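Below: input.cif (mmCIF, C-alpha atoms)
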```cif
data_run
#
loop_
_atom_site.group_PDB
_atom_site.id
_atom_site.type_symbol
_atom_site.label_atom_id
_atom_site.label_comp_id
_atom_site.auth_asym_id
_atom_site.auth_seq_id
_atom_site.Cartn_x
_atom_site.Cartn_y
_atom_site.Cartn_z
ATOM 1 C CA MET A 1 0.000 0.000 0.000
ATOM 2 C CA LYS A 2 1.345 3.408 -0.984
ATOM 3 C CA LEU A 3 1.931 5.690 1.969
ATOM 4 C CA SER A 4 0.918 9.331 1.980
ATOM 5 C CA TRP A 5 3.396 12.166 2.433
ATOM 6 C CA PHE A 6 2.353 12.573 6.074
ATOM 7 C CA GLN A 7 2.895 8.873 6.753
ATOM 8 C CA ARG A 8 6.282 8.850 5.032
ATOM 9 C CA LYS A 9 7.662 12.103 6.465
ATOM 10 C CA VAL A 10 5.845 12.690 9.756
ATOM 11 C CA TYR A 11 4.103 9.714 11.311
ATOM 12 C CA GLU A 12 2.858 6.337 10.126
ATOM 13 C CA TRP A 13 -0.153 5.034 11.999
ATOM 14 C CA ASP A 14 0.103 1.485 13.344
ATOM 15 C CA PRO A 15 -3.264 0.151 14.552
ATOM 16 C CA ASP A 16 -1.604 -2.930 16.093
ATOM 17 C CA PHE A 17 0.629 -0.913 18.443
ATOM 18 C CA LYS A 18 -0.683 0.508 21.709
ATOM 19 C CA PHE A 19 1.288 2.991 23.770
ATOM 20 C CA PRO A 20 1.490 2.242 27.505
ATOM 21 C CA ASN A 21 -0.502 4.437 29.866
ATOM 22 C CA ARG A 22 2.754 5.654 31.427
ATOM 23 C CA ILE A 23 3.994 7.048 28.103
ATOM 24 C CA ILE A 24 0.642 8.660 27.304
ATOM 25 C CA GLY A 25 0.486 10.210 30.775
ATOM 26 C CA THR A 26 4.046 11.485 30.447
ATOM 27 C CA THR A 27 3.214 13.108 27.120
ATOM 28 C CA ILE A 28 0.055 14.773 28.453
ATOM 29 C CA ILE A 29 1.814 16.126 31.552
ATOM 30 C CA SER A 30 4.681 17.376 29.370
ATOM 31 C CA LEU A 31 2.242 19.271 27.143
ATOM 32 C CA ILE A 32 0.447 20.734 30.177
ATOM 33 C CA GLY A 33 3.804 21.749 31.654
ATOM 34 C CA LEU A 34 4.824 23.366 28.348
ATOM 35 C CA TYR A 35 1.549 25.294 28.246
ATOM 36 C CA THR A 36 2.031 26.540 31.811
ATOM 37 C CA MET A 37 5.683 27.358 31.191
ATOM 38 C CA THR A 38 4.829 29.293 28.031
ATOM 39 C CA LEU A 39 2.196 31.384 29.809
ATOM 40 C CA ALA A 40 4.549 32.096 32.714
ATOM 41 C CA ASP A 41 7.353 32.921 30.301
ATOM 42 C CA TYR A 42 5.186 35.381 28.390
ATOM 43 C CA SER A 43 3.861 37.052 31.563
ATOM 44 C CA VAL A 44 7.294 37.458 33.165
ATOM 45 C CA SER A 45 8.893 38.707 29.944
ATOM 46 C CA ASP A 46 6.082 41.258 29.512
ATOM 47 C CA LEU A 47 6.757 42.606 33.000
ATOM 48 C CA VAL A 48 10.502 42.767 32.349
ATOM 49 C CA PHE A 49 10.114 44.655 29.071
ATOM 50 C CA ASP A 50 7.631 47.035 30.681
ATOM 51 C CA ARG A 51 10.251 47.736 33.350
ATOM 52 C CA VAL A 52 12.852 48.397 30.639
ATOM 53 C CA ASP A 53 10.431 50.809 28.938
ATOM 54 C CA GLY A 54 9.970 52.549 32.281
ATOM 55 C CA TRP A 55 13.730 52.941 32.663
ATOM 56 C CA SER A 56 13.920 54.365 29.153
ATOM 57 C CA THR A 57 11.182 56.892 29.916
ATOM 58 C CA ALA A 58 12.819 57.889 33.205
ATOM 59 C CA LEU A 59 16.188 58.318 31.492
ATOM 60 C CA GLN A 60 14.603 60.458 28.811
ATOM 61 C CA GLN A 61 12.970 62.688 31.438
ATOM 62 C CA LEU A 62 16.253 62.939 33.331
ATOM 63 C CA THR A 63 18.059 63.906 30.155
ATOM 64 C CA THR A 64 15.507 66.621 29.382
ATOM 65 C CA SER A 65 15.596 68.054 32.901
ATOM 66 C CA CYS A 66 19.395 68.189 32.962
ATOM 67 C CA ASN A 67 19.645 69.732 29.470
ATOM 68 C CA GLN A 68 21.905 66.909 28.366
ATOM 69 C CA THR A 69 19.926 65.966 25.269
ATOM 70 C CA GLU A 70 22.957 65.902 22.995
ATOM 71 C CA VAL A 71 24.930 63.596 25.271
ATOM 72 C CA LEU A 72 22.329 61.013 26.262
ATOM 73 C CA SER A 73 19.854 61.255 23.414
ATOM 74 C CA ASP A 74 21.634 58.501 21.477
ATOM 75 C CA VAL A 75 21.659 56.272 24.550
ATOM 76 C CA VAL A 76 17.917 56.781 25.050
ATOM 77 C CA LEU A 77 17.175 56.042 21.403
ATOM 78 C CA GLN A 78 19.294 52.903 21.441
ATOM 79 C CA LEU A 79 17.651 51.720 24.658
ATOM 80 C CA GLU A 80 14.173 52.279 23.216
ATOM 81 C CA GLU A 81 15.137 50.489 20.010
ATOM 82 C CA PHE A 82 16.598 47.564 21.936
ATOM 83 C CA SER A 83 13.489 47.270 24.110
ATOM 84 C CA TYR A 84 11.232 47.234 21.045
ATOM 85 C CA VAL A 85 13.383 44.746 19.127
ATOM 86 C CA ALA A 86 13.904 42.478 22.134
ATOM 87 C CA ARG A 87 10.178 42.405 22.918
ATOM 88 C CA LYS A 88 9.276 41.395 19.356
ATOM 89 C CA CYS A 89 12.098 38.841 19.140
ATOM 90 C CA TRP A 90 11.137 37.292 22.478
ATOM 91 C CA LEU A 91 7.501 36.989 21.423
ATOM 92 C CA ALA A 92 8.418 35.404 18.088
ATOM 93 C CA THR A 93 10.874 32.956 19.635
ATOM 94 C CA THR A 94 8.322 32.042 22.307
ATOM 95 C CA ILE A 95 6.119 30.711 19.528
ATOM 96 C CA PHE A 96 8.959 28.891 17.761
ATOM 97 C CA ALA A 97 10.358 27.404 20.987
ATOM 98 C CA SER A 98 6.900 26.184 21.980
ATOM 99 C CA LEU A 99 6.372 24.554 18.586
ATOM 100 C CA THR A 100 9.824 22.968 18.780
ATOM 101 C CA SER A 101 9.148 21.505 22.226
ATOM 102 C CA VAL A 102 5.715 20.225 21.218
ATOM 103 C CA SER A 103 7.153 18.568 18.114
ATOM 104 C CA TYR A 104 9.871 16.932 20.238
ATOM 105 C CA THR A 105 7.227 15.656 22.662
ATOM 106 C CA PHE A 106 5.353 13.894 19.877
ATOM 107 C CA HIS A 107 8.606 12.765 18.276
ATOM 108 C CA VAL A 108 9.426 10.924 21.493
ATOM 109 C CA LEU A 109 6.331 8.781 20.920
ATOM 110 C CA ALA A 110 7.442 7.892 17.410
ATOM 111 C CA CYS A 111 10.954 7.036 18.617
ATOM 112 C CA TYR A 112 9.556 4.972 21.488
ATOM 113 C CA ARG A 113 7.496 2.862 19.093
ATOM 114 C CA LYS A 114 10.396 2.483 16.643
ATOM 115 C CA HIS A 115 12.881 1.444 19.324
ATOM 116 C CA LEU A 116 10.429 -0.936 20.965
ATOM 117 C CA LYS A 117 9.743 -2.670 17.661
ATOM 118 C CA ARG A 118 13.461 -3.044 17.040
ATOM 119 C CA LEU A 119 13.907 -4.566 20.475
ATOM 120 C CA TRP A 120 11.032 -6.991 19.806
ATOM 121 C CA ALA A 121 12.815 -8.016 16.607
ATOM 122 C CA GLY A 122 16.026 -8.648 18.567
ATOM 123 C CA GLN A 123 17.864 -5.637 17.094
ATOM 124 C CA ARG A 124 19.980 -3.977 19.761
ATOM 125 C CA ASN A 125 22.722 -2.469 17.647
ATOM 126 C CA PHE A 126 21.341 1.051 18.242
ATOM 127 C CA LEU A 127 22.164 0.653 21.950
ATOM 128 C CA PRO A 128 25.669 0.816 23.451
ATOM 129 C CA GLU A 129 27.160 -2.634 23.907
ATOM 130 C CA LYS A 130 27.083 -2.506 27.703
ATOM 131 C CA PHE A 131 23.326 -1.867 27.584
ATOM 132 C CA HIS A 132 22.531 -4.919 25.466
ATOM 133 C CA SER A 133 21.904 -7.009 28.595
ATOM 134 C CA PRO A 134 21.205 -4.670 31.515
ATOM 135 C CA SER A 135 20.416 -6.012 34.942
ATOM 136 C CA SER A 136 16.785 -6.345 36.008
ATOM 137 C CA ALA A 137 17.187 -3.873 38.873
ATOM 138 C CA VAL A 138 18.675 -1.225 36.575
ATOM 139 C CA SER A 139 15.872 -1.680 34.041
ATOM 140 C CA VAL A 140 13.076 -1.389 36.601
ATOM 141 C CA ALA A 141 14.724 1.632 38.263
ATOM 142 C CA ALA A 142 15.007 3.296 34.843
ATOM 143 C CA ILE A 143 11.276 2.788 34.323
ATOM 144 C CA THR A 144 10.511 4.650 37.551
ATOM 145 C CA ARG A 145 12.799 7.550 36.593
ATOM 146 C CA TYR A 146 11.825 7.990 32.964
ATOM 147 C CA SER A 147 8.551 9.914 33.290
ATOM 148 C CA GLY A 148 9.919 12.511 35.704
ATOM 149 C CA TRP A 149 13.123 12.945 33.744
ATOM 150 C CA GLN A 150 11.311 13.314 30.428
ATOM 151 C CA ILE A 151 9.027 16.023 31.792
ATOM 152 C CA ALA A 152 11.899 17.896 33.435
ATOM 153 C CA PHE A 153 14.095 17.707 30.329
ATOM 154 C CA THR A 154 11.209 18.907 28.170
ATOM 155 C CA LEU A 155 10.657 22.009 30.316
ATOM 156 C CA TRP A 156 14.352 22.779 30.646
ATOM 157 C CA GLY A 157 14.773 22.195 26.916
ATOM 158 C CA TYR A 158 12.052 24.748 26.184
ATOM 159 C CA LEU A 159 13.800 27.417 28.264
ATOM 160 C CA ILE A 160 17.238 26.730 26.797
ATOM 161 C CA VAL A 161 16.031 26.538 23.199
ATOM 162 C CA HIS A 162 13.967 29.687 23.712
ATOM 163 C CA PHE A 163 16.953 31.651 25.002
ATOM 164 C CA VAL A 164 19.217 30.477 22.173
ATOM 165 C CA GLN A 165 16.579 31.286 19.563
ATOM 166 C CA PHE A 166 16.161 34.705 21.156
ATOM 167 C CA LEU A 167 19.889 35.411 20.828
ATOM 168 C CA LEU A 168 19.847 34.247 17.196
ATOM 169 C CA ALA A 169 16.840 36.462 16.475
ATOM 170 C CA LEU A 170 18.621 39.457 18.016
ATOM 171 C CA MET A 171 21.715 38.777 15.924
ATOM 172 C CA PHE A 172 19.618 38.450 12.772
ATOM 173 C CA THR A 173 17.789 41.699 13.520
ATOM 174 C CA TYR A 174 20.858 43.772 14.343
ATOM 175 C CA LEU A 175 23.014 42.348 11.553
ATOM 176 C CA LEU A 176 20.450 42.268 8.746
ATOM 177 C CA VAL A 177 17.093 43.907 9.480
ATOM 178 C CA LEU A 178 18.120 47.119 11.266
ATOM 179 C CA PRO A 179 20.916 48.048 8.803
ATOM 180 C CA ILE A 180 18.339 47.830 6.002
ATOM 181 C CA ALA A 181 15.787 49.826 8.012
ATOM 182 C CA HIS A 182 18.364 52.539 8.851
ATOM 183 C CA GLY A 183 19.587 52.867 5.262
ATOM 184 C CA PHE A 184 22.941 51.117 5.734
ATOM 185 C CA ILE A 185 22.151 48.438 3.207
ATOM 186 C CA TRP A 186 25.351 48.966 1.213
ATOM 187 C CA ASP A 187 27.567 48.641 4.297
ATOM 188 C CA MET A 188 25.649 45.512 5.258
ATOM 189 C CA LEU A 189 26.047 44.052 1.773
ATOM 190 C CA LYS A 190 29.755 44.909 1.827
ATOM 191 C CA ASN A 191 30.312 43.079 5.104
ATOM 192 C CA LEU A 192 28.164 40.178 3.931
ATOM 193 C CA GLY A 193 30.168 39.987 0.719
ATOM 194 C CA ILE A 194 33.446 39.836 2.665
ATOM 195 C CA ILE A 195 32.092 37.002 4.827
ATOM 196 C CA LEU A 196 30.785 35.060 1.820
ATOM 197 C CA LEU A 197 34.043 35.619 -0.062
ATOM 198 C CA THR A 198 36.042 34.290 2.892
ATOM 199 C CA ILE A 199 33.841 31.204 3.132
ATOM 200 C CA GLY A 200 34.066 30.725 -0.634
ATOM 201 C CA LEU A 201 37.877 30.903 -0.556
ATOM 202 C CA VAL A 202 38.046 28.328 2.236
ATOM 203 C CA ILE A 203 35.773 25.932 0.335
ATOM 204 C CA ALA A 204 37.685 26.565 -2.908
ATOM 205 C CA LEU A 205 41.006 25.729 -1.233
ATOM 206 C CA LEU A 206 39.579 22.506 0.173
ATOM 207 C CA VAL A 207 38.238 21.486 -3.238
ATOM 208 C CA LEU A 208 41.490 22.536 -4.924
ATOM 209 C CA GLN A 209 43.568 20.308 -2.646
ATOM 210 C CA ILE A 210 41.380 17.307 -3.437
ATOM 211 C CA LEU A 211 41.506 17.965 -7.191
ATOM 212 C CA LEU A 212 45.298 18.438 -7.247
ATOM 213 C CA VAL A 213 45.838 15.248 -5.274
ATOM 214 C CA GLN A 214 43.437 13.363 -7.532
ATOM 215 C CA ILE A 215 45.143 14.551 -10.720
ATOM 216 C CA PHE A 216 48.856 14.735 -9.866
ATOM 217 C CA PHE A 217 49.661 12.790 -6.704
ATOM 218 C CA LEU A 218 47.817 9.473 -6.984
ATOM 219 C CA GLN A 219 49.001 6.560 -9.041
ATOM 220 C CA ASP A 220 46.961 5.395 -11.999
ATOM 221 C CA LYS A 221 44.210 2.818 -11.663
ATOM 222 C CA ILE A 222 45.351 -0.779 -11.534
ATOM 223 C CA HIS A 223 42.417 -1.835 -13.692
ATOM 224 C CA PRO A 224 40.424 0.513 -15.919
ATOM 225 C CA SER A 225 37.209 -0.709 -14.290
ATOM 226 C CA ASP A 226 38.274 0.375 -10.786
ATOM 227 C CA PRO A 227 35.958 3.056 -9.315
ATOM 228 C CA GLN A 228 38.875 5.204 -8.111
ATOM 229 C CA LYS A 229 42.642 5.418 -8.006
ATOM 230 C CA PRO A 230 44.504 3.349 -5.403
ATOM 231 C CA LEU A 231 45.773 4.815 -2.135
ATOM 232 C CA ALA A 232 49.348 5.096 -3.409
ATOM 233 C CA LEU A 233 51.403 8.262 -3.887
ATOM 234 C CA ASN A 234 52.942 9.410 -7.122
ATOM 235 C CA ASN A 235 55.421 12.298 -7.530
ATOM 236 C CA ARG A 236 56.481 12.170 -3.899
ATOM 237 C CA LYS A 237 58.868 15.145 -4.023
ATOM 238 C CA ALA A 238 56.240 17.336 -5.631
ATOM 239 C CA PHE A 239 53.746 16.143 -3.041
ATOM 240 C CA HIS A 240 56.056 17.208 -0.196
ATOM 241 C CA CYS A 241 56.343 20.674 -1.762
ATOM 242 C CA PHE A 242 52.586 20.782 -2.175
ATOM 243 C CA ASN A 243 52.119 19.739 1.470
ATOM 244 C CA TYR A 244 54.521 22.438 2.701
ATOM 245 C CA PHE A 245 52.891 25.141 0.556
ATOM 246 C CA PHE A 246 49.386 24.424 1.879
ATOM 247 C CA PHE A 247 50.552 23.935 5.469
ATOM 248 C CA PHE A 248 50.094 27.597 6.425
ATOM 249 C CA TYR A 249 46.709 27.833 4.721
ATOM 250 C CA ASN A 250 45.571 24.719 6.545
ATOM 251 C CA VAL A 251 46.556 26.258 9.887
ATOM 252 C CA VAL A 252 44.324 29.262 9.194
ATOM 253 C CA MET A 253 41.500 27.037 7.963
ATOM 254 C CA GLY A 254 41.966 24.900 11.064
ATOM 255 C CA PHE A 255 41.194 27.893 13.277
ATOM 256 C CA SER A 256 37.965 28.601 11.407
ATOM 257 C CA SER A 257 37.025 24.909 11.341
ATOM 258 C CA CYS A 258 37.537 24.720 15.108
ATOM 259 C CA ILE A 259 35.138 27.628 15.634
ATOM 260 C CA VAL A 260 32.576 26.065 13.290
ATOM 261 C CA ARG A 261 32.912 22.747 15.111
ATOM 262 C CA LEU A 262 32.363 24.403 18.475
ATOM 263 C CA LEU A 263 29.349 26.397 17.299
ATOM 264 C CA SER A 264 27.826 23.353 15.594
ATOM 265 C CA SER A 265 28.278 21.282 18.737
ATOM 266 C CA VAL A 266 26.657 23.966 20.886
ATOM 267 C CA MET A 267 23.725 24.394 18.509
ATOM 268 C CA VAL A 268 23.028 20.687 18.075
ATOM 269 C CA GLY A 269 23.460 20.009 21.793
ATOM 270 C CA THR A 270 21.111 22.865 22.643
ATOM 271 C CA TRP A 271 18.431 21.699 20.217
ATOM 272 C CA LEU A 272 18.638 18.087 21.418
ATOM 273 C CA VAL A 273 18.861 18.757 25.154
ATOM 274 C CA SER A 274 15.202 17.859 25.730
ATOM 275 C CA ARG A 275 15.348 14.607 23.743
ATOM 276 C CA LEU A 276 16.150 11.472 25.704
ATOM 277 C CA ASP A 277 16.273 9.246 22.608
ATOM 278 C CA ARG A 278 19.522 10.863 21.420
ATOM 279 C CA THR A 279 22.741 11.653 23.204
ATOM 280 C CA ILE A 280 24.399 15.060 23.006
ATOM 281 C CA MET A 281 27.823 13.582 23.813
ATOM 282 C CA GLN A 282 30.256 12.412 21.179
ATOM 283 C CA ARG A 283 31.029 8.765 20.547
ATOM 284 C CA GLY A 284 32.933 7.166 23.382
ATOM 285 C CA TYR A 285 31.478 9.524 25.987
ATOM 286 C CA GLU A 286 27.799 8.577 25.663
ATOM 287 C CA SER A 287 27.724 7.109 29.162
ATOM 288 C CA MET A 288 28.391 10.626 30.556
ATOM 289 C CA ASP A 289 25.004 11.762 29.247
ATOM 290 C CA PRO A 290 22.559 11.236 32.154
ATOM 291 C CA GLY A 291 19.624 12.210 29.976
ATOM 292 C CA MET A 292 19.913 9.271 27.601
ATOM 293 C CA TYR A 293 21.396 6.584 29.832
ATOM 294 C CA GLY A 294 20.251 7.805 33.246
ATOM 295 C CA PRO A 295 16.605 6.717 32.873
#
```
Give the structure from this file in structure tokens form.
Amino acid sequence: MKLSWFQRKVYEWDPDFKFPNRIIGTTIISLIGLYTMTLADYSVSDLVFDRVDGWSTALQQLTTSCNQTEVLSDVVLQLEEFSYVARKCWLATTIFASLTSVSYTFHVLACYRKHLKRLWAGQRNFLPEKFHSPSSAVSVAAITRYSGWQIAFTLWGYLIVHFVQFLLALMFTYLLVLPIAHGFIWDMLKNLGIILLTIGLVIALLVLQILLVQIFFLQDKIHPSDPQKPLALNNRKAFHCFNYFFFFYNVVMGFSSCIVRLLSSVMVGTWLVSRLDRTIMQRGYESMDPGMYGP
């Protein structure tokens, strides 16, 4: 039977599978907690931004009374602009963070069914080797912890994802939206062009190294039908010169790659912090993740 797009991409209904009452209860309490957390988040943030607006108004009155309009007028304008931008960004990211957390909550159900079916089929390769045959006491204790941990991680994940999305929204607004609104579009395009050119040069150097090695520094195919050249060097002296020439470029690219690696790790770890079906630790350190292996 041909599956629909929703069944292939989102969720495939299985009438023969029934979720346990514990999992259903955990999901419902998580959604109720997200709803309460979202309302509290919106109410508290509204009070905070109202307080910031009050400070801006008081500073403006103080500036007028002290006849220091030329000195502090820019500060007042920037504070008012920041309050307006931050309020809108926080409201928008509240919606996106809530949708993200709700989607993760339902995704947990899909992962639970998928993993349980794989366990029924005797497939345990998705688990670490030391968890292939856990003790009975550890398994039962994990059952008692799971519901509470899942709810707590869902709520904490909402707050963390919301804050990170808020920072990204502020960066997007100040780096792209406000320069266009203030008429600095050419300066913004100039800076954007420099960034894109730098990224393009890094990618071009990486591709160039692969092409040069493929053409000049690998021996010919042993058989014409081979899919690629063998792992054997040709023109060794030229290769050493090539390696020395690109050494300094690779050091610079290594710095940028390290920053990209760190940012990617932070972003992925932040987005997956509320999911207990995936670890946010790298391979070999999965057991240090209490969220995935604690319950």
Any chance you could work out the axis-aligned box around region 173-178 of chain A, listed atoms only, 5 Å on each side, giving centre and edge lengths in Å to one decimal, as lines of an AutoDock Vina configuration file?
```
center_x = 20.1
center_y = 44.4
center_z = 11.5
size_x = 15.9
size_y = 15.4
size_z = 15.6
```
> Quick one: residues within 12 Å of Tyr249 (chain A), all atoms listed in the file counted, chain neighbours fewer than 5 positions away excluded, as a PyMOL selection string?
Replying inline: chain A and resi 201-206+209+242-244+254-256
With all atoms listed in the file counted and 9 Å as the cut-off, give the residues of region 132-244 of chain A in contact with region 32-49 of chain A, each with its shortest interatomic distance in Å and the pair that gives it, as JSON lines.
```
{"residue": "A:Ile151", "atom": "CA", "partner": "A:Gly33", "partner_atom": "CA", "distance": 7.8}
{"residue": "A:Thr154", "atom": "CA", "partner": "A:Leu34", "partner_atom": "CA", "distance": 7.8}
{"residue": "A:Leu155", "atom": "CA", "partner": "A:Leu34", "partner_atom": "CA", "distance": 6.3}
{"residue": "A:Tyr158", "atom": "CA", "partner": "A:Leu34", "partner_atom": "CA", "distance": 7.7}
{"residue": "A:Leu159", "atom": "CA", "partner": "A:Met37", "partner_atom": "CA", "distance": 8.6}
```
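Coordinates place CA of Asp289 (chain A) at a distance of 18.2 Å from CA of Leu262 (chain A).
Residue nearest Ile210 (chain A) within the list A:Ile28, A:Cys66, A:Phe246, A:Ile194: A:Phe246 [criterion: smallest interatomic distance, all atoms listed in the file].
Between Phe17 (chain A) and the candidates A:Trp90, A:Ala110, A:Thr57, A:Cys241, the tightest atom-to-atom separation, counting only C-alpha atoms, involves A:Ala110.
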Report as JSON lines the residues of region 20-105 of chain A within 12 Å of region 170-182 of chain A, each with its shortest atom pair and distance in Å (one decimal), using all atoms listed in the file, ordered by chain and increasing residue number.
```
{"residue": "A:Gln78", "atom": "CA", "partner": "A:Tyr174", "partner_atom": "CA", "distance": 11.7}
{"residue": "A:Glu81", "atom": "CA", "partner": "A:Leu178", "partner_atom": "CA", "distance": 9.8}
{"residue": "A:Phe82", "atom": "CA", "partner": "A:Leu170", "partner_atom": "CA", "distance": 9.2}
{"residue": "A:Ser83", "atom": "CA", "partner": "A:Leu170", "partner_atom": "CA", "distance": 11.2}
{"residue": "A:Tyr84", "atom": "CA", "partner": "A:Leu170", "partner_atom": "CA", "distance": 11.1}
{"residue": "A:Val85", "atom": "CA", "partner": "A:Leu170", "partner_atom": "CA", "distance": 7.5}
{"residue": "A:Ala86", "atom": "CA", "partner": "A:Leu170", "partner_atom": "CA", "distance": 7.0}
{"residue": "A:Arg87", "atom": "CA", "partner": "A:Leu170", "partner_atom": "CA", "distance": 10.2}
{"residue": "A:Lys88", "atom": "CA", "partner": "A:Leu170", "partner_atom": "CA", "distance": 9.6}
{"residue": "A:Cys89", "atom": "CA", "partner": "A:Leu170", "partner_atom": "CA", "distance": 6.6}
{"residue": "A:Trp90", "atom": "CA", "partner": "A:Leu170", "partner_atom": "CA", "distance": 9.0}
{"residue": "A:Leu91", "atom": "CA", "partner": "A:Leu170", "partner_atom": "CA", "distance": 11.9}
{"residue": "A:Ala92", "atom": "CA", "partner": "A:Leu170", "partner_atom": "CA", "distance": 11.0}
{"residue": "A:Thr93", "atom": "CA", "partner": "A:Leu170", "partner_atom": "CA", "distance": 10.2}
```
Please identify every residue of region 137-241 of chain A that has at least one atom no farther than 12 Å from an atom of region 275-284 of chain A, counting all atoms listed in the file, and for each give the shortest atom pair and the distance in Å to one decimal, arranged by chain then increasing number, as a tab-separated table.
```
residue	atom	partner	partner_atom	distance
A:Tyr146	CA	A:Leu276	CA	9.1
A:Ser147	CA	A:Leu276	CA	10.8
A:Gly148	CA	A:Leu276	CA	11.8
A:Trp149	CA	A:Leu276	CA	8.7
A:Gln150	CA	A:Leu276	CA	7.0
A:Ile151	CA	A:Arg275	CA	10.3
A:Ala152	CA	A:Arg275	CA	10.8
A:Phe153	CA	A:Arg275	CA	7.4
A:Thr154	CA	A:Arg275	CA	7.4
A:Leu155	CA	A:Arg275	CA	11.0
A:Trp156	CA	A:Arg275	CA	10.7
A:Gly157	CA	A:Arg275	CA	8.2
A:Tyr158	CA	A:Arg275	CA	10.9
A:Val161	CA	A:Arg275	CA	12.0
```
Grab the residues selected above and save them as an mmCIF file, in the frame of the given file with C-alpha atoms.
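The result, stored in part_17.cif:
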```cif
data_model
loop_
_atom_site.group_PDB
_atom_site.id
_atom_site.type_symbol
_atom_site.label_atom_id
_atom_site.label_comp_id
_atom_site.auth_asym_id
_atom_site.auth_seq_id
_atom_site.Cartn_x
_atom_site.Cartn_y
_atom_site.Cartn_z
ATOM 1 C CA TYR A 146 11.825 7.990 32.964
ATOM 2 C CA SER A 147 8.551 9.914 33.290
ATOM 3 C CA GLY A 148 9.919 12.511 35.704
ATOM 4 C CA TRP A 149 13.123 12.945 33.744
ATOM 5 C CA GLN A 150 11.311 13.314 30.428
ATOM 6 C CA ILE A 151 9.027 16.023 31.792
ATOM 7 C CA ALA A 152 11.899 17.896 33.435
ATOM 8 C CA PHE A 153 14.095 17.707 30.329
ATOM 9 C CA THR A 154 11.209 18.907 28.170
ATOM 10 C CA LEU A 155 10.657 22.009 30.316
ATOM 11 C CA TRP A 156 14.352 22.779 30.646
ATOM 12 C CA GLY A 157 14.773 22.195 26.916
ATOM 13 C CA TYR A 158 12.052 24.748 26.184
ATOM 14 C CA VAL A 161 16.031 26.538 23.199
#
```
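Coordinates place CA of Lys114 (chain A) at a distance of 11.6 Å from CA of Phe19 (chain A).
Evaluated on this file, the PyMOL selection byres ((chain A and resi 143) around 12) matches A:Pro20, A:Arg22, A:Ile23, A:Thr26, A:Ser136, A:Ala137, A:Val138, A:Ser139, A:Val140, A:Ala141, A:Ala142, A:Thr144, A:Arg145, A:Tyr146, A:Ser147, A:Gly148, A:Trp149, A:Gln150, A:Tyr293, A:Gly294, A:Pro295.
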